>>> print(open('my_file.cif').read())   # mmCIF, C-alpha atoms
data_input
#
loop_
_atom_site.label_atom_id
_atom_site.label_comp_id
_atom_site.auth_asym_id
_atom_site.auth_seq_id
_atom_site.Cartn_x
_atom_site.Cartn_y
_atom_site.Cartn_z
CA MET A 8 6.22 25.72 5.83
CA ALA A 9 2.99 24.95 7.66
CA ALA A 10 0.00 23.65 5.78
CA PRO A 11 -2.79 26.18 5.17
CA ARG A 12 -5.40 26.39 7.90
CA SER A 13 -8.07 24.91 5.61
CA SER A 14 -5.83 21.85 5.15
CA ALA A 15 -4.87 21.42 8.80
CA ILE A 16 -7.43 18.73 9.66
CA PRO A 17 -6.91 16.70 6.45
CA PHE A 18 -3.15 17.04 7.03
CA ALA A 19 -3.51 15.60 10.56
CA VAL A 20 -5.82 12.82 9.34
CA CYS A 21 -3.30 11.93 6.64
CA CYS A 22 -0.52 11.75 9.27
CA LEU A 23 -2.69 9.41 11.32
CA GLY A 24 -3.54 7.27 8.29
CA VAL A 25 0.13 6.80 7.36
CA ALA A 26 1.05 5.89 10.94
CA LEU A 27 -1.78 3.35 11.13
CA PHE A 28 -0.68 1.77 7.85
CA SER A 29 2.84 1.36 9.24
CA VAL A 30 1.56 -0.35 12.39
CA MET A 31 -0.63 -2.58 10.19
CA ASP A 32 2.42 -3.62 8.15
CA ALA A 33 4.15 -4.69 11.36
CA ALA A 34 1.06 -6.59 12.55
CA MET A 35 0.85 -8.42 9.22
CA LYS A 36 4.55 -9.27 9.32
CA GLY A 37 4.09 -10.80 12.78
CA LEU A 38 0.98 -12.67 11.62
CA SER A 39 2.63 -13.98 8.46
CA LEU A 40 5.60 -15.27 10.42
CA SER A 41 3.37 -16.98 13.00
CA ILE A 42 0.46 -18.45 11.00
CA GLY A 43 1.72 -18.24 7.41
CA LEU A 44 1.25 -15.63 4.69
CA PHE A 45 -1.90 -17.06 3.10
CA ASN A 46 -3.70 -17.50 6.42
CA ALA A 47 -2.75 -13.96 7.49
CA LEU A 48 -4.07 -12.47 4.23
CA PHE A 49 -7.25 -14.57 4.16
CA TRP A 50 -8.33 -13.90 7.74
CA ARG A 51 -7.44 -10.21 7.58
CA ALA A 52 -9.57 -9.89 4.44
CA THR A 53 -12.40 -11.76 6.19
CA ALA A 54 -12.33 -9.51 9.24
CA GLY A 55 -12.04 -6.38 7.08
CA SER A 56 -14.97 -7.46 4.92
CA LEU A 57 -17.20 -8.02 7.96
CA LEU A 58 -16.20 -4.64 9.40
CA GLY A 59 -16.86 -2.98 6.05
CA LEU A 60 -20.26 -4.64 5.65
CA ALA A 61 -21.32 -3.43 9.09
CA LEU A 62 -20.27 0.14 8.24
CA MET A 63 -21.93 -0.02 4.82
CA LEU A 64 -25.22 -1.00 6.49
CA LEU A 65 -24.92 1.45 9.40
CA THR A 66 -24.18 4.41 7.13
CA ARG A 67 -26.67 3.26 4.48
CA GLN A 68 -24.20 3.46 1.63
CA ARG A 69 -25.69 3.27 -1.83
CA TRP A 70 -24.89 0.24 -3.99
CA PRO A 71 -22.50 1.21 -6.82
CA ASN A 72 -23.51 0.96 -10.47
CA ARG A 73 -22.02 -1.61 -12.84
CA ALA A 74 -19.18 0.60 -14.08
CA VAL A 75 -18.04 1.41 -10.54
CA LEU A 76 -18.34 -2.25 -9.55
CA ARG A 77 -16.00 -3.20 -12.40
CA LEU A 78 -13.49 -0.65 -11.12
CA HIS A 79 -13.79 -2.02 -7.57
CA LEU A 80 -13.28 -5.55 -8.91
CA LEU A 81 -10.21 -4.65 -10.96
CA ARG A 82 -8.53 -2.71 -8.18
CA GLY A 83 -9.33 -5.40 -5.61
CA VAL A 84 -7.65 -8.10 -7.74
CA VAL A 85 -4.61 -5.89 -8.35
CA VAL A 86 -4.31 -5.12 -4.64
CA ALA A 87 -4.68 -8.81 -3.68
CA VAL A 88 -1.67 -9.78 -5.79
CA MET A 89 0.25 -6.65 -4.76
CA ALA A 90 -0.34 -7.28 -1.05
CA SER A 91 0.66 -10.93 -1.36
CA LEU A 92 3.99 -9.96 -2.91
CA PHE A 93 4.62 -7.18 -0.39
CA PHE A 94 3.89 -9.24 2.70
CA TRP A 95 5.90 -12.16 1.32
CA ALA A 96 8.77 -9.69 0.97
CA ILE A 97 8.58 -8.22 4.48
CA MET A 98 8.89 -11.72 5.91
CA ARG A 99 12.41 -11.60 4.42
CA LEU A 100 13.33 -7.92 4.70
CA PRO A 101 13.38 -5.26 7.43
CA LEU A 102 10.20 -3.16 7.34
CA ALA A 103 12.05 0.10 6.65
CA GLU A 104 13.95 -1.41 3.72
CA ALA A 105 10.78 -2.81 2.13
CA ILE A 106 8.95 0.50 2.55
CA ALA A 107 11.90 2.40 1.05
CA LEU A 108 11.91 0.17 -2.04
CA SER A 109 8.14 0.48 -2.41
CA PHE A 110 8.49 4.28 -2.72
CA ILE A 111 9.58 3.71 -6.34
CA ALA A 112 5.90 3.10 -7.21
CA PRO A 113 4.94 6.75 -7.93
CA LEU A 114 7.79 7.00 -10.44
CA ILE A 115 6.62 3.83 -12.16
CA ALA A 116 3.12 5.34 -12.15
CA LEU A 117 4.37 8.18 -14.38
CA TYR A 118 5.13 5.70 -17.14
CA LEU A 119 1.94 3.73 -16.60
CA ALA A 120 0.00 7.00 -16.84
CA ALA A 121 1.69 7.63 -20.16
CA LEU A 122 0.80 4.12 -21.33
CA LEU A 123 -2.77 3.90 -19.98
CA LEU A 124 -3.86 7.55 -19.84
CA LYS A 125 -1.74 8.86 -22.74
CA GLU A 126 -0.04 11.43 -20.51
CA ARG A 127 3.19 13.02 -21.74
CA ILE A 128 6.45 12.24 -19.92
CA GLY A 129 8.80 15.22 -19.71
CA ARG A 130 12.55 15.39 -19.19
CA GLN A 131 12.09 16.21 -15.51
CA ALA A 132 10.11 13.01 -15.01
CA VAL A 133 12.84 10.98 -16.70
CA GLY A 134 15.46 12.59 -14.45
CA ALA A 135 13.35 11.91 -11.37
CA SER A 136 12.97 8.27 -12.41
CA LEU A 137 16.73 7.87 -12.86
CA LEU A 138 17.29 9.37 -9.41
CA GLY A 139 14.85 6.86 -7.95
CA LEU A 140 16.56 3.97 -9.73
CA VAL A 141 19.90 5.04 -8.28
CA GLY A 142 18.26 4.95 -4.85
CA VAL A 143 17.00 1.41 -5.48
CA GLY A 144 20.49 0.40 -6.59
CA ILE A 145 22.04 1.78 -3.42
CA ILE A 146 19.59 -0.15 -1.22
CA LEU A 147 20.23 -3.37 -3.15
CA SER A 148 23.99 -2.81 -2.97
CA GLY A 149 23.73 -3.07 0.79
CA ARG A 150 22.35 -6.59 0.29
CA MET A 151 25.25 -7.62 -1.95
CA ARG A 152 28.05 -6.26 0.19
CA GLY A 153 29.80 -8.72 2.44
CA ASP A 154 27.18 -11.47 2.77
CA TYR A 155 25.13 -12.43 -0.25
CA ASP A 156 21.64 -13.02 1.14
CA LEU A 157 19.68 -14.65 -1.70
CA ASP A 158 16.44 -14.83 0.32
CA ALA A 159 16.56 -11.11 1.06
CA LEU A 160 17.31 -10.30 -2.58
CA LEU A 161 14.26 -12.33 -3.62
CA GLY A 162 12.29 -10.30 -1.09
CA ALA A 163 13.60 -7.07 -2.62
CA GLY A 164 12.55 -8.33 -6.06
CA ALA A 165 9.07 -9.09 -4.73
CA VAL A 166 8.78 -5.55 -3.33
CA LEU A 167 9.76 -4.06 -6.70
CA LEU A 168 7.24 -6.26 -8.52
CA SER A 169 4.64 -5.25 -5.93
CA ALA A 170 5.57 -1.61 -6.62
CA VAL A 171 4.76 -2.07 -10.33
CA LEU A 172 1.29 -3.32 -9.38
CA PHE A 173 0.98 -0.51 -6.84
CA ALA A 174 1.73 1.98 -9.59
CA TRP A 175 -1.19 0.55 -11.57
CA ASN A 176 -3.21 0.75 -8.36
CA LEU A 177 -2.41 4.48 -8.20
CA ILE A 178 -3.91 5.00 -11.65
CA LEU A 179 -7.06 3.08 -10.66
CA GLN A 180 -7.26 4.98 -7.37
CA ARG A 181 -7.52 8.31 -9.17
CA GLN A 182 -10.69 7.11 -10.86
CA GLN A 183 -12.10 5.31 -7.82
CA ALA A 184 -11.74 8.25 -5.41
CA GLN A 185 -14.00 10.37 -7.62
CA LEU A 186 -16.76 7.77 -7.83
CA ALA A 187 -17.11 6.19 -4.38
CA SER A 188 -17.09 7.06 -0.68
CA PRO A 189 -14.15 6.07 1.59
CA ILE A 190 -16.25 3.35 3.29
CA GLU A 191 -17.35 1.93 -0.06
CA VAL A 192 -13.77 1.91 -1.37
CA ALA A 193 -12.43 0.14 1.72
CA PHE A 194 -15.30 -2.39 1.84
CA PHE A 195 -15.08 -3.47 -1.79
CA GLN A 196 -11.30 -3.68 -1.66
CA HIS A 197 -11.51 -6.13 1.24
CA ILE A 198 -14.40 -8.18 -0.15
CA VAL A 199 -12.75 -8.59 -3.56
CA MET A 200 -9.47 -9.57 -1.91
CA LEU A 201 -11.35 -12.14 0.18
CA ALA A 202 -12.93 -13.57 -2.98
CA VAL A 203 -9.52 -13.82 -4.66
CA PHE A 204 -7.98 -15.64 -1.69
CA ALA A 205 -11.01 -17.94 -1.36
CA LEU A 206 -10.81 -18.83 -5.06
CA PHE A 207 -7.09 -19.57 -4.66
CA ALA A 208 -7.85 -21.84 -1.69
CA ILE A 209 -10.42 -23.78 -3.74
CA LEU A 210 -8.27 -24.14 -6.87
CA ALA A 211 -5.11 -25.01 -4.96
CA GLN A 212 -6.98 -27.24 -2.52
CA TRP A 213 -5.27 -25.26 0.23
CA PRO A 214 -7.96 -24.40 2.79
CA PRO A 215 -7.11 -21.69 5.30
CA VAL A 216 -6.27 -22.89 8.80
CA VAL A 217 -8.34 -21.43 11.62
CA PRO A 218 -5.83 -19.59 13.83
CA GLN A 219 -5.54 -20.15 17.56
CA ALA A 220 -6.89 -17.55 19.96
CA PRO A 221 -3.71 -15.42 20.37
CA SER A 222 -3.53 -14.79 16.60
CA TRP A 223 -7.07 -13.41 16.42
CA ALA A 224 -6.04 -10.27 18.28
CA LEU A 225 -3.46 -9.51 15.58
CA ILE A 226 -5.94 -10.38 12.81
CA LEU A 227 -8.57 -8.00 14.20
CA LEU A 228 -5.92 -5.33 14.79
CA ALA A 229 -4.57 -5.64 11.23
CA ALA A 230 -8.06 -5.56 9.69
CA THR A 231 -9.16 -2.56 11.75
CA LEU A 232 -5.97 -0.66 11.00
CA ALA A 233 -6.17 -1.45 7.27
CA PHE A 234 -9.81 -0.36 7.01
CA THR A 235 -9.35 2.76 9.16
CA SER A 236 -6.20 3.92 7.39
CA LEU A 237 -7.73 3.39 3.93
CA ALA A 238 -10.78 5.42 4.89
CA ALA A 239 -8.67 8.13 6.61
CA LEU A 240 -6.43 8.63 3.59
CA ALA A 241 -9.37 8.66 1.17
CA TRP A 242 -11.11 11.25 3.39
CA ALA A 243 -7.98 13.43 3.61
CA TYR A 244 -7.26 13.37 -0.13
CA ALA A 245 -10.85 14.36 -0.87
CA ARG A 246 -10.48 17.52 1.26
CA ALA A 247 -6.96 18.84 0.67
CA GLU A 248 -4.63 19.27 -2.27
CA ALA A 249 -2.49 16.22 -2.85
CA GLN A 250 0.67 18.37 -3.02
CA VAL A 251 0.09 19.31 0.64
CA LEU A 252 -0.34 15.71 1.74
CA ILE A 253 2.19 13.82 -0.41
CA PRO A 254 5.26 14.65 1.76
CA VAL A 255 3.45 13.27 4.83
CA GLU A 256 3.26 9.82 3.30
CA TYR A 257 7.03 9.42 3.23
CA THR A 258 6.97 9.46 7.03
CA ALA A 259 6.01 5.79 6.64
CA PHE A 260 9.76 5.15 6.38
CA ILE A 261 10.32 6.70 9.82
CA TRP A 262 7.44 4.78 11.38
CA SER A 263 8.57 1.48 9.83
CA ALA A 264 12.13 2.01 11.05
CA ILE A 265 10.92 2.66 14.61
CA ILE A 266 8.38 -0.18 14.66
CA GLY A 267 10.79 -2.60 12.97
CA ARG A 268 13.40 -1.88 15.61
CA LEU A 269 11.00 -2.18 18.55
CA ALA A 270 8.98 -5.19 17.35
CA PHE A 271 11.54 -7.22 15.41
CA GLY A 272 14.95 -5.84 16.44
CA GLU A 273 15.68 -4.75 12.85
CA ARG A 274 18.75 -2.61 12.24
CA LEU A 275 18.55 0.44 9.97
CA THR A 276 21.48 0.55 7.53
CA VAL A 277 23.18 3.54 5.94
CA THR A 278 22.48 2.22 2.43
CA THR A 279 18.75 1.96 3.20
CA VAL A 280 18.60 5.55 4.47
CA ALA A 281 20.63 6.91 1.53
CA GLY A 282 18.62 4.97 -1.04
CA ALA A 283 15.31 6.01 0.50
CA ALA A 284 16.39 9.67 0.43
CA LEU A 285 17.14 9.49 -3.31
CA ILE A 286 13.88 7.70 -4.13
CA VAL A 287 11.84 10.21 -2.12
CA ALA A 288 13.71 13.10 -3.78
CA GLY A 289 12.83 11.68 -7.19
CA CYS A 290 9.17 11.31 -6.22
CA LEU A 291 8.97 14.87 -4.91
CA ILE A 292 10.59 16.24 -8.08
CA ALA A 293 8.01 14.37 -10.14
CA ALA A 294 5.19 15.58 -7.87
CA ARG A 295 6.28 19.23 -8.21
CA MET A 296 6.22 18.81 -11.96
CA ARG A 297 2.52 17.80 -11.78
CA PRO A 298 1.08 19.72 -8.80
CA ALA A 299 -2.54 19.18 -9.76
CA GLU A 300 -2.57 15.45 -9.12
CA PRO A 301 0.68 13.92 -7.89
CA PRO A 302 0.50 10.23 -7.05
CA HIS A 303 -0.66 8.89 -3.73
CA VAL A 304 2.02 6.75 -2.10
CA GLU A 305 0.62 5.04 0.95
CA SER A 306 2.05 1.69 2.02
CA SER A 307 1.94 -0.96 -0.70
CA VAL A 308 -0.38 -3.18 1.26
CA ALA A 309 -3.66 -1.34 1.24
#
>>> encode(input="my_file.cif", output="structure tokens")
Amino acid sequence: MAAPRSSAIPFAVCCLGVALFSVMDAAMKGLSLSIGLFNALFWRATAGSLLGLALMLLTRQRWPNRAVLRLHLLRGVVVAVMASLFFWAIMRLPLAEAIALSFIAPLIALYLAALLLKERIGRQAVGASLLGLVGVGIILSGRMRGDYDLDALLGAGAVLLSAVLFAWNLILQRQQAQLASPIEVAFFQHIVMLAVFALFAILAQWPPVVPQAPSWALILLAATLAFTSLAALAWAYARAEAQVLIPVEYTAFIWSAIIGRLAFGERLTVTTVAGAALIVAGCLIAARMRPAEPPHVESSVA
């Protein structure tokens, strides 16, 4: 059924945002493999922070108050760790498989909402969660059949741990979207991530390596895509009901399968498709149960 006319533009912007996130994932995978994970994360955060600062100044965004700053700081730290785990994982897994596993995050968010926001978990949510867990099991079973790939299984574990943090990120995002503009959200997310990576470099005495010229194109591409997709999704969710937009976000699996095949020659397995279908079904069941504010499930990277 077509989206209502009033939601047509936000629907299209959401489609664009999800597609851009998927391309950004591929760019970051290529960067991480070529210059190392830490360097890819640090320089992307640097480029994104500079882009965000320019937009903050050009659009004359107001400076947030102390309470909003604390929320920006908390979410930025959570996203920094979450992104590190996710990109570490996609260096070891096909893009489509990692994205499929990350879809478990909205189901985890149901339980975090109960813990942090004191929301009640109904039987339908429990059933949806079990369906999602079966999907995760099917995807992992594909890794254990025939050849036991320990590195890939570690990658799958990193995605699932990243999904737990992403679920917490979903809870924080609900609060943040009501208090700040899309540009402000994207800027502070990048600047806090940059601060986290810079602090890590100082404490670990592991300074980032300045990439060679060919890598800068991917760094600028990844930063621009990350910033643009964050702002696009925030804009769309502020102007249309989440229940209209949520199904669009699962198209990330399709984009990642196509891009993974074209850019990295990755093969899409039957177990990945079947597991992804069950996880998405569980998420949609949970979303229908709570139509007023179902969780937002963009790519785990942010």
>>> residues_around(input="my_file.cif", residues="Ala284 (chain A)", least_positions_apart="4", cutoff="8 Å", atoms="only C-alpha atoms", output="list of chain:residue names")
A:Gly142, A:Val280, A:Ala288
>>> residues_near_point(input="my_file.cif", point="(-0.6, 0.3, -13.9)", cutoff="6 Å", atoms="all atoms listed in the file", output="short mmCIF file (atom, residue, chain, number, x, y, z; two decimals) with C-alpha atoms, in the frame of the given file")
data_model
loop_
_atom_site.label_atom_id
_atom_site.label_comp_id
_atom_site.auth_asym_id
_atom_site.auth_seq_id
_atom_site.Cartn_x
_atom_site.Cartn_y
_atom_site.Cartn_z
CA LEU A 119 1.94 3.73 -16.60
CA ALA A 174 1.73 1.98 -9.59
CA TRP A 175 -1.19 0.55 -11.57
#
>>> closest_residue(input="my_file.cif", among="A:Met63, A:Ala47, A:Leu108, A:Ala238", to="Val166 (chain A)", atoms="only C-alpha atoms")
A:Leu108
>>> resolve_selection(input="my_file.cif", expression="the PyMOL selection byres ((chain A and resi 156-165) around 10)", output="ChimeraX atom specification")
/A:89,91-101,104-105,108-109,143,146-147,150-155,166-171
>>> atom_distance(input="my_file.cif", atom1="CA of Gly55 (chain A)", atom2="CA of Met200 (chain A)")
9.9 Å
>>> residues_around(input="my_file.cif", residues="Arg246 (chain A)", least_positions_apart="5", cutoff="10 Å", atoms="only C-alpha atoms", output="list in words")
Ser13, Ser14, Ile16, Pro17, Phe18 and Ala241 of chain A
>>> atom_distance(input="my_file.cif", atom1="CA of Leu186 (chain A)", atom2="CA of Ser56 (chain A)")
19.9 Å
>>> residues_around(input="my_file.cif", residues="Gln182 (chain A)", least_positions_apart="3", cutoff="12 Å", atoms="all atoms listed in the file", output="PyMOL selection string")
chain A and resi 74-75+77-79+81-82+124+175-179+185-187+192+300
>>> resolve_selection(input="my_file.cif", expression="the PyMOL selection byres ((chain A and resi 86) around 8)", output="number ranges by chain")
A: 82-85, 87-90, 172-173, 176, 196, 200, 308-309
